[in-house]
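Heads up, coords-v5.csv below (CSV, C-alpha atoms and all ligand atoms):
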```
chain,number,residue,atom,x,y,z
A,1,MET,CA,70.1,93.2,175.3
A,2,ILE,CA,72.8,95.8,176.3
A,3,SER,CA,71.8,99.1,177.8
A,4,ILE,CA,74.4,101.7,178.7
A,5,LYS,CA,73.4,104.6,180.9
A,6,HIS,CA,75.5,107.7,181.5
A,7,LEU,CA,78.7,105.8,181.2
A,8,SER,CA,81.9,107.8,181.9
A,9,LYS,CA,85.5,106.8,182.3
A,10,THR,CA,88.3,109.0,183.7
A,11,PHE,CA,91.9,107.8,183.8
A,12,LYS,CA,94.2,109.0,186.5
A,13,ASN,CA,97.7,109.4,185.3
A,14,PRO,CA,100.7,108.8,187.6
A,15,GLY,CA,101.5,112.5,187.6
A,16,GLY,CA,98.2,113.2,189.2
A,17,THR,CA,96.5,114.6,186.1
A,18,THR,CA,93.3,113.1,184.9
A,19,LEU,CA,91.9,112.3,181.4
A,20,THR,CA,88.1,111.9,180.9
A,21,VAL,CA,87.9,109.6,177.9
A,22,LEU,CA,84.2,108.7,178.0
A,23,LYS,CA,81.9,111.5,179.1
A,24,ASP,CA,78.3,110.4,179.0
A,25,VAL,CA,77.7,107.4,176.8
A,26,ASN,CA,74.1,106.2,176.4
A,27,CYS,CA,72.8,103.6,174.1
A,28,GLU,CA,70.6,100.5,173.7
A,29,ILE,CA,71.7,97.5,171.7
A,30,ASP,CA,69.2,94.9,170.7
A,31,LYS,CA,69.9,91.2,169.9
A,32,GLY,CA,70.9,90.6,166.3
A,33,GLU,CA,72.2,94.2,165.8
A,34,VAL,CA,75.5,94.8,164.0
A,35,ILE,CA,76.8,98.1,165.2
A,36,SER,CA,79.9,99.7,163.7
A,37,ILE,CA,81.6,102.2,165.9
A,38,ILE,CA,83.5,104.8,163.9
A,39,GLY,CA,85.3,108.0,164.7
A,40,PRO,CA,88.6,109.7,165.0
A,41,SER,CA,91.4,108.0,167.0
A,42,GLY,CA,91.6,108.8,170.6
A,43,THR,CA,87.9,109.4,171.0
A,44,GLY,CA,87.3,106.4,173.4
A,45,LYS,CA,86.1,103.7,171.0
A,46,SER,CA,88.4,101.0,172.5
A,47,THR,CA,87.7,102.2,176.0
A,48,LEU,CA,84.0,101.9,175.4
A,49,LEU,CA,84.4,98.3,174.2
A,50,ARG,CA,86.6,97.5,177.1
A,51,ALA,CA,84.1,99.0,179.5
A,52,ILE,CA,81.3,97.0,178.0
A,53,ASN,CA,83.0,93.8,179.1
A,54,MET,CA,84.4,95.3,182.2
A,55,LEU,CA,88.0,95.0,181.2
A,56,GLU,CA,88.0,98.7,182.0
A,57,PRO,CA,85.5,99.3,184.8
A,58,PRO,CA,83.7,102.6,184.3
A,59,THR,CA,84.1,105.6,186.6
A,60,SER,CA,80.4,106.1,186.7
A,61,GLY,CA,77.2,105.0,185.0
A,62,GLU,CA,75.7,101.7,184.4
A,63,ILE,CA,75.8,98.8,182.0
A,64,TRP,CA,72.9,96.4,181.8
A,65,VAL,CA,73.2,93.1,180.0
A,66,ASP,CA,70.1,90.8,179.7
A,67,GLY,CA,68.4,92.7,182.4
A,68,GLU,CA,71.3,92.5,184.9
A,69,ASN,CA,73.4,95.4,186.1
A,70,ILE,CA,77.0,94.2,185.4
A,71,THR,CA,78.4,97.4,186.9
A,72,ALA,CA,76.8,96.6,190.3
A,73,LYS,CA,79.2,95.9,193.1
A,74,GLY,CA,79.9,92.2,193.5
A,75,TYR,CA,78.3,91.2,190.1
A,76,PRO,CA,80.0,87.9,189.0
A,77,LEU,CA,81.9,89.1,186.0
A,78,HIS,CA,82.7,85.7,184.7
A,79,LYS,CA,79.0,85.2,184.1
A,80,MET,CA,78.9,88.2,181.8
A,81,ARG,CA,82.3,87.5,180.1
A,82,ARG,CA,81.0,84.1,178.9
A,83,LYS,CA,78.3,85.9,177.0
A,84,MET,CA,80.7,88.3,175.3
A,85,GLY,CA,83.5,87.4,173.0
A,86,MET,CA,86.2,89.9,172.2
A,87,VAL,CA,88.5,90.1,169.1
A,88,PHE,CA,91.5,92.4,169.3
A,89,GLN,CA,93.6,94.1,166.7
A,90,SER,CA,96.6,92.0,167.6
A,91,PHE,CA,95.0,88.5,167.6
A,92,ASN,CA,96.3,87.5,171.1
A,93,LEU,CA,96.5,83.8,170.2
A,94,PHE,CA,98.4,81.4,172.5
A,95,GLU,CA,101.6,80.9,170.5
A,96,HIS,CA,102.6,77.6,172.2
A,97,MET,CA,99.3,75.9,171.4
A,98,THR,CA,98.1,74.6,168.0
A,99,VAL,CA,95.2,76.3,166.3
A,100,LEU,CA,92.8,73.6,167.5
A,101,GLU,CA,94.1,73.8,171.1
A,102,ASN,CA,93.7,77.6,171.0
A,103,ILE,CA,90.0,77.1,170.2
A,104,ILE,CA,89.1,74.3,172.6
A,105,TYR,CA,91.0,75.7,175.6
A,106,ALA,CA,88.4,78.0,177.0
A,107,PRO,CA,85.3,75.9,176.2
A,108,MET,CA,86.9,72.9,177.9
A,109,LYS,CA,88.0,74.9,180.9
A,110,LEU,CA,85.0,77.2,181.4
A,111,LEU,CA,82.1,75.5,179.8
A,112,SER,CA,83.4,72.0,180.9
A,113,LEU,CA,82.8,70.7,177.4
A,114,PRO,CA,84.0,67.1,176.9
A,115,ASP,CA,87.1,66.8,174.7
A,116,ASP,CA,85.3,65.2,171.8
A,117,GLN,CA,82.5,67.7,171.6
A,118,ALA,CA,84.9,70.7,172.0
A,119,LYS,CA,87.1,69.3,169.1
A,120,GLN,CA,84.1,68.7,166.9
A,121,GLU,CA,82.7,72.2,167.5
A,122,ALA,CA,86.2,73.7,166.9
A,123,MET,CA,86.5,71.9,163.6
A,124,GLU,CA,83.1,73.3,162.6
A,125,LEU,CA,84.2,76.8,163.5
A,126,LEU,CA,87.4,76.3,161.6
A,127,ARG,CA,85.5,75.3,158.5
A,128,LYS,CA,83.3,78.3,158.9
A,129,VAL,CA,86.4,80.6,158.8
A,130,GLY,CA,88.0,78.6,156.1
A,131,LEU,CA,90.9,77.2,158.1
A,132,ALA,CA,90.0,73.5,158.7
A,133,GLN,CA,93.3,72.5,157.2
A,134,LYS,CA,95.2,74.5,159.7
A,135,ALA,CA,93.9,72.8,162.9
A,136,ASP,CA,97.2,71.2,163.8
A,137,VAL,CA,99.6,74.0,163.0
A,138,TYR,CA,101.0,76.6,165.4
A,139,PRO,CA,100.0,80.3,165.0
A,140,SER,CA,103.5,81.3,164.0
A,141,SER,CA,103.1,79.6,160.7
A,142,LEU,CA,99.9,81.5,159.8
A,143,SER,CA,99.5,84.9,158.0
A,144,GLY,CA,98.0,87.8,159.9
A,145,GLY,CA,94.6,87.3,158.2
A,146,GLN,CA,94.6,83.6,159.1
A,147,LYS,CA,95.5,84.4,162.7
A,148,GLN,CA,92.7,86.8,163.0
A,149,ARG,CA,90.2,84.2,161.6
A,150,VAL,CA,91.4,81.8,164.2
A,151,ALA,CA,90.9,84.5,166.9
A,152,ILE,CA,87.3,84.9,165.6
A,153,ALA,CA,86.7,81.1,165.7
A,154,ARG,CA,88.2,81.0,169.2
A,155,SER,CA,85.8,83.7,170.5
A,156,LEU,CA,82.8,81.9,168.8
A,157,ALA,CA,83.7,78.7,170.6
A,158,MET,CA,82.4,80.1,173.8
A,159,HIS,CA,78.9,80.5,172.2
A,160,PRO,CA,78.8,84.2,172.9
A,161,GLU,CA,75.7,86.2,172.7
A,162,VAL,CA,77.6,89.2,171.4
A,163,VAL,CA,81.1,89.6,170.0
A,164,LEU,CA,83.1,92.9,170.3
A,165,PHE,CA,85.7,93.6,167.6
A,166,ASP,CA,88.3,96.2,168.2
A,167,GLU,CA,89.7,97.2,164.8
A,168,PRO,CA,90.0,93.6,163.7
A,169,THR,CA,91.8,94.5,160.4
A,170,SER,CA,94.0,97.4,161.5
A,171,ALA,CA,97.1,95.3,162.1
A,172,LEU,CA,96.8,93.4,158.8
A,173,ASP,CA,98.6,93.7,155.5
A,174,PRO,CA,96.1,95.2,153.1
A,175,THR,CA,95.9,92.0,151.0
A,176,MET,CA,94.4,90.2,154.1
A,177,VAL,CA,91.8,92.7,155.1
A,178,GLY,CA,89.2,91.2,152.8
A,179,GLU,CA,89.3,87.7,154.1
A,180,VAL,CA,88.7,88.8,157.7
A,181,LEU,CA,85.9,91.2,156.7
A,182,SER,CA,84.2,88.5,154.7
A,183,VAL,CA,84.1,86.2,157.8
A,184,ILE,CA,82.6,89.0,159.8
A,185,ARG,CA,80.1,89.6,157.0
A,186,SER,CA,79.0,86.0,157.1
A,187,LEU,CA,78.5,86.2,160.9
A,188,ALA,CA,76.3,89.2,160.4
A,189,LYS,CA,74.2,87.3,158.0
A,190,GLU,CA,73.7,84.6,160.6
A,191,GLY,CA,72.3,87.2,163.0
A,192,LEU,CA,75.1,87.3,165.5
A,193,THR,CA,75.1,90.4,167.6
A,194,MET,CA,78.3,92.4,167.0
A,195,LEU,CA,79.9,95.7,168.0
A,196,ILE,CA,82.7,96.5,165.6
A,197,VAL,CA,85.2,99.3,165.9
A,198,THR,CA,86.4,99.8,162.4
A,199,HIS,CA,88.0,102.3,160.0
A,200,GLU,CA,86.7,100.4,157.0
A,201,MET,CA,83.9,102.8,156.0
A,202,ARG,CA,82.4,100.8,153.1
A,203,PHE,CA,82.4,97.7,155.2
A,204,ALA,CA,80.7,99.5,158.0
A,205,ARG,CA,78.1,100.9,155.6
A,206,ASP,CA,77.4,97.5,154.0
A,207,VAL,CA,77.3,95.2,157.1
A,208,SER,CA,75.8,97.3,159.9
A,209,THR,CA,72.3,97.7,161.1
A,210,ARG,CA,73.4,100.9,163.0
A,211,ILE,CA,76.4,103.1,163.2
A,212,PHE,CA,77.7,105.0,166.2
A,213,PHE,CA,79.9,107.9,165.4
A,214,MET,CA,82.0,108.6,168.4
A,215,ASN,CA,83.7,111.9,168.9
A,216,GLU,CA,85.1,113.6,172.1
A,217,GLY,CA,84.1,110.8,174.4
A,218,ILE,CA,80.4,110.6,173.5
A,219,ILE,CA,78.2,108.9,170.9
A,220,TYR,CA,78.0,112.0,168.8
A,221,GLU,CA,75.6,110.7,166.3
A,222,ASP,CA,73.8,107.4,166.0
A,223,GLY,CA,71.7,106.1,163.1
A,224,THR,CA,71.3,103.7,160.3
A,225,PRO,CA,74.2,103.5,157.8
A,226,GLU,CA,72.1,105.6,155.4
A,227,GLN,CA,71.5,108.3,158.0
A,228,ILE,CA,75.1,108.5,159.0
A,229,PHE,CA,76.8,108.2,155.7
A,230,GLU,CA,74.3,109.9,153.4
A,231,HIS,CA,72.6,112.4,155.6
A,232,PRO,CA,74.7,113.1,158.7
A,233,VAL,CA,73.2,115.8,160.9
A,234,HIS,CA,76.4,117.1,162.6
A,235,SER,CA,79.2,118.7,160.7
A,236,ALA,CA,81.8,116.6,162.5
A,237,THR,CA,80.1,113.4,161.4
A,238,LYS,CA,79.9,114.8,157.8
A,239,ALA,CA,83.6,115.6,157.8
A,240,PHE,CA,84.6,112.3,159.2
A,241,VAL,CA,82.5,110.1,156.8
A,242,ASN,CA,83.6,112.1,153.8
A,243,ARG,CA,87.2,112.0,154.7
A,244,ILE,CA,89.7,111.3,152.0
A,245,GLN,CA,92.5,108.7,152.1
A,246,LYS,CA,95.7,110.0,150.7
A,247,LEU,CA,99.2,109.1,149.8
A,248,THR,CA,101.5,112.1,149.3
A,249,TYR,CA,105.1,112.2,148.0
A,250,GLU,CA,107.5,115.1,147.7
A,251,ILE,CA,109.9,114.3,144.9
A,252,ASP,CA,112.8,116.6,145.1
A,253,SER,CA,115.6,114.8,143.3
A,254,ASP,CA,116.4,111.8,141.1
A,255,ALA,CA,117.5,110.0,144.3
A,256,PHE,CA,113.9,109.8,145.4
A,257,ASP,CA,112.9,106.2,146.2
A,258,PHE,CA,110.4,105.5,143.3
A,259,LEU,CA,110.4,101.8,144.1
A,260,GLN,CA,109.1,102.3,147.6
A,261,MET,CA,106.5,104.7,146.3
A,262,GLU,CA,105.3,102.1,143.7
A,263,THR,CA,105.0,99.4,146.4
A,264,GLU,CA,102.9,101.7,148.6
A,265,ILE,CA,100.7,102.7,145.7
A,266,LYS,CA,100.0,99.1,144.9
A,267,GLN,CA,99.1,98.4,148.6
A,268,PHE,CA,96.8,101.5,148.5
A,269,TRP,CA,94.9,100.1,145.5
A,270,ILE,CA,94.5,96.7,147.2
A,271,LYS,CA,93.4,98.3,150.4
A,272,TYR,CA,90.7,100.3,148.8
A,273,ASN,CA,89.8,97.6,146.4
A,274,LEU,CA,90.2,99.5,143.2
A,275,PRO,CA,91.4,96.9,140.7
A,276,ASP,CA,89.7,98.6,137.7
A,277,LYS,CA,91.7,101.8,138.3
A,278,VAL,CA,95.1,100.3,138.8
A,279,ASP,CA,96.4,99.9,135.2
A,280,VAL,CA,95.3,103.3,133.9
A,281,ALA,CA,96.5,105.1,137.0
A,282,GLU,CA,99.9,103.4,136.9
A,283,GLU,CA,100.3,104.3,133.2
A,284,ILE,CA,99.4,107.9,133.8
A,285,ALA,CA,101.6,108.2,136.9
A,286,ILE,CA,104.6,106.7,135.2
A,287,ASP,CA,104.3,108.9,132.1
A,288,MET,CA,103.9,112.0,134.2
A,289,LEU,CA,106.7,111.3,136.7
A,290,HIS,CA,109.2,109.8,134.4
A,291,LYS,CA,108.5,111.6,131.1
A,292,HIS,CA,106.4,114.8,131.1
A,293,LEU,CA,107.4,116.1,134.5
A,294,LYS,CA,110.8,114.6,134.8
A,295,ALA,CA,112.6,117.9,134.7
A,296,PHE,CA,110.3,119.6,137.3
A,297,ARG,CA,111.4,119.5,140.9
A,298,PRO,CA,110.3,119.8,143.6
A,299,LEU,CA,107.1,118.0,142.7
A,300,THR,CA,104.4,116.9,145.0
A,301,PHE,CA,102.5,113.8,143.8
A,302,ARG,CA,99.3,112.8,145.6
A,303,LEU,CA,97.0,109.9,145.3
A,304,SER,CA,93.6,110.3,147.0
A,305,TYR,CA,90.5,108.3,147.4
A,306,THR,CA,87.2,109.4,148.8
A,307,GLU,CA,85.8,106.3,150.2
A,308,LEU,CA,82.1,107.1,150.2
A,309,SER,CA,81.9,108.4,146.7
A,310,SER,CA,84.6,106.1,145.4
A,311,GLU,CA,86.4,108.9,143.7
A,312,THR,CA,90.0,108.5,142.9
A,313,ALA,CA,92.3,111.4,142.0
A,314,MET,CA,96.0,111.9,141.3
A,315,ASP,CA,97.5,115.3,141.5
A,316,PHE,CA,100.8,116.6,140.5
A,317,MET,CA,102.0,119.9,141.8
A,318,VAL,CA,105.1,121.6,140.6
A,319,GLU,CA,106.2,124.1,143.3
A,320,GLY,CA,106.8,127.7,142.4
A,321,LEU,CA,105.4,127.4,138.9
A,322,SER,CA,102.5,129.6,137.8
A,323,SER,CA,101.8,128.2,134.3
A,324,SER,CA,101.3,124.6,133.2
A,325,PRO,CA,104.5,122.5,133.0
A,326,ILE,CA,102.9,120.6,130.1
A,327,THR,CA,102.7,122.8,127.0
A,328,ASP,CA,102.1,120.1,124.4
A,329,PRO,CA,98.3,119.9,124.0
A,330,SER,CA,98.4,116.3,122.6
A,331,VAL,CA,99.9,115.1,125.8
A,332,LEU,CA,97.0,116.6,127.8
A,333,ASP,CA,94.5,115.2,125.3
A,334,GLY,CA,96.1,111.7,125.7
A,335,ILE,CA,95.5,111.9,129.5
A,336,ARG,CA,92.0,113.2,129.1
A,337,ALA,CA,91.2,110.2,126.9
A,338,LYS,CA,92.1,107.8,129.7
A,339,ALA,CA,90.7,109.8,132.7
A,340,ARG,CA,87.3,111.1,133.8
A,341,ALA,CA,88.6,114.7,133.9
A,342,LEU,CA,91.8,116.7,133.9
A,343,ILE,CA,91.9,120.0,135.8
A,344,GLU,CA,94.8,122.4,135.5
A,345,GLU,CA,95.0,125.1,138.1
A,346,PRO,CA,97.5,127.6,139.5
A,347,THR,CA,97.7,127.5,143.3
A,348,ALA,CA,99.5,129.6,146.0
A,349,LYS,CA,102.2,126.9,146.2
A,350,GLY,CA,102.6,126.1,142.5
A,351,PHE,CA,100.9,124.8,139.5
A,352,ARG,CA,98.6,121.8,139.9
A,353,ILE,CA,97.4,119.2,137.4
A,354,LYS,CA,94.6,117.1,138.9
A,355,ILE,CA,93.5,114.0,137.2
A,356,LEU,CA,90.2,112.3,138.2
A,357,LEU,CA,90.0,108.7,137.5
B,401,LIG,P1,90.2,105.1,170.3
B,401,LIG,O1,90.1,103.6,170.4
B,401,LIG,O2,89.0,105.8,169.9
B,401,LIG,O3,91.4,105.5,169.5
B,401,LIG,P2,91.0,104.9,173.1
B,401,LIG,O4,89.8,104.4,173.8
B,401,LIG,O5,92.0,103.9,172.9
B,401,LIG,O6,90.6,105.7,171.8
B,401,LIG,O7,91.7,106.0,174.0
B,401,LIG,C1,91.1,107.3,174.3
B,401,LIG,C2,92.0,108.1,175.1
B,401,LIG,O8,92.2,107.4,176.3
B,401,LIG,C3,93.4,108.2,174.5
B,401,LIG,O9,93.8,109.6,174.7
B,401,LIG,C4,94.2,107.3,175.3
B,401,LIG,O10,95.6,107.7,175.4
B,401,LIG,C5,93.6,107.3,176.7
B,401,LIG,N1,93.7,106.0,177.4
B,401,LIG,C6,93.3,104.8,176.9
B,401,LIG,N2,93.6,103.8,177.8
B,401,LIG,C7,94.2,104.4,178.9
B,401,LIG,C8,94.8,104.0,180.1
B,401,LIG,N3,94.7,102.7,180.5
B,401,LIG,N4,95.4,104.9,180.9
B,401,LIG,C9,95.4,106.2,180.5
B,401,LIG,N5,94.9,106.7,179.4
B,401,LIG,C10,94.3,105.8,178.6
B,402,MG,MG,91.1,102.1,169.6
```
Have the structure of the file written as structure tokens, please.
Ligand code: ADP
Ligand code: MG
Amino acid sequence: MISIKHLSKTFKNPGGTTLTVLKDVNCEIDKGEVISIIGPSGTGKSTLLRAINMLEPPTSGEIWVDGENITAKGYPLHKMRRKMGMVFQSFNLFEHMTVLENIIYAPMKLLSLPDDQAKQEAMELLRKVGLAQKADVYPSSLSGGQKQRVAIARSLAMHPEVVLFDEPTSALDPTMVGEVLSVIRSLAKEGLTMLIVTHEMRFARDVSTRIFFMNEGIIYEDGTPEQIFEHPVHSATKAFVNRIQKLTYEIDSDAFDFLQMETEIKQFWIKYNLPDKVDVAEEIAIDMLHKHLKAFRPLTFRLSYTELSSETAMDFMVEGLSSSPITDPSVLDGIRAKARALIEEPTAKGFRIKILL
């Protein structure tokens, strides 16, 4: 359905310098495929999506859609854009139009759908994304997650053959990521062809037929979710998919903002969907920070989560100390009883207590 051949994109900056963002991208995308594009930031993922629907015309190379070369001079781009929907990180809804008006605008104008039919289809789409009750409100009264679901409904209203998503959940509060991902999941089940740039690794693994790992302006590795996540060939892919999400705090005085830390930790648990770990983690963290290690400063506290293996760890490091700050064995036994493991280790920076949950 889409065939990309030797695609490259070089930006010319005003100072005369150039930046080659896409070097030599080649791929074939079949109808019904759900492809997640993952990779470090700045590697050209957004540029690739924007090139595919010619928002960012490539410097060289070709893009073929349904057997037509859309990069050919004079190709009528409106024809191709009708086949492709795009959902952006920042929703891009029309703020002065109601939800329903947002959805019917393009189909009425570009597909010349009669008013009744456009409205009826829009209501069906709103039901599909769970927002039928919001048809007559303005976007400003919606949450980020709801706005993004409207944006998805709006792109579907054009009956696209493929929908391109550019980090659809990156601008959302962590509590709202799930509702948007579940809408995308249901579209995948219906067989809609989608290209999704995302940082949500577990989602990518669950929903995709194929994964493109982009790195340094090329599709560095391409394979099924199993190949990319379980048996990556290249070390860069391996490092990326096994990356660890972290929150780190340097607590150097009693004036430290513990409340803000607690809020961020709560969001972290929600974002990585770890409800079973929350209570025990919170209990241990509070005991450690406010009781057992209260007198030790500076102290580095780190919460980390390895997405692929679902391993959660908390570590507490007291700088400049070479032996354990906790000398009472019953305290350590109490923690061991609640956690999977407790590791005490001296490091170059200080003494670390690592707790695996
Ligand atoms: P990603 O989506 O993987 O984070 P992008 O495709 O957004 O990466 O950007 C890749 C590189 O291209 C970045 O260094 C970015 O600054 C640069 N870039 C993107 N768009 C433009 C532009 N219009 N002009 C100049 N440089 C750009
Ligand atoms: Mg991007």
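One distance worth recording is that between CA of Gly217 (chain A) and CA of Met84 (chain A), which is 22.8 Å.
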Taking all atoms listed in the file into account, which residues have an atom no farther than 8 Å from ligand LIG 401 (chain B)? I'd like them as a PyMOL selection string.
chain A and resi 11-13+19-22+39-48+56+166+197+214+217
Do you know which residues are at most 10 Å from Leu77 (chain A) counting all atoms listed in the file, after dropping those on the same chain fewer than 4 positions away, and could you put them as number ranges by chain?
A: 53-55, 70-71, 81-82
Quick one, how far is CA of Arg297 (chain A) from CA of Lys266 (chain A)?
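Between these atoms lies a distance of 23.7 Å.
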Considering all atoms listed in the file, return as a ChimeraX atom specification whatever protein or nucleic-acid residues lie within 10 Å of region 110-127 of chain A, sequence-local ones (same chain, fewer than 6 positions apart) excluded.
/A:78,82,99-104,133-135,149-150,152-159
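Between Glu62 (chain A) and the candidates A:Glu167, A:Glu226, A:Tyr220, A:Ile2, the tightest atom-to-atom separation, counting all atoms listed in the file, involves A:Ile2.
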Which residues come within 12 Å of Val331 (chain A), counting all atoms listed in the file, excluding same-chain residues fewer than 5 positions away, as a ChimeraX atom specification?
/A:284,287-288,291-293,325-326,336-338,342
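The closest residue to ligand MG 402 (chain B), picked from A:Val129, A:Ala171, A:Val241, A:Met194 and counting all atoms listed in the file, is A:Ala171.
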Distance CA of Asn273 (chain A)-CA of Gly85 (chain A), one decimal place?
29.2 Å
Name the closest residue to Ser309 (chain A) among the candidates A:Leu49, A:Leu187, A:Lys238, A:Ile244; distances are taken between atoms, counting only C-alpha atoms.
A:Ile244
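Using only C-alpha atoms and all ligand atoms, the shortest contact distance between ligand MG 402 (chain B) and any of A:Leu172, A:Ile211, A:Ile37, A:Leu308 is found at A:Ile37.
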Excluding Ala348 (chain A) and residues on its chain fewer than 3 positions from it, collect all residues at most 9 Å away from it, counting only C-alpha atoms, and give them as number ranges by chain.
A: 320, 322, 351
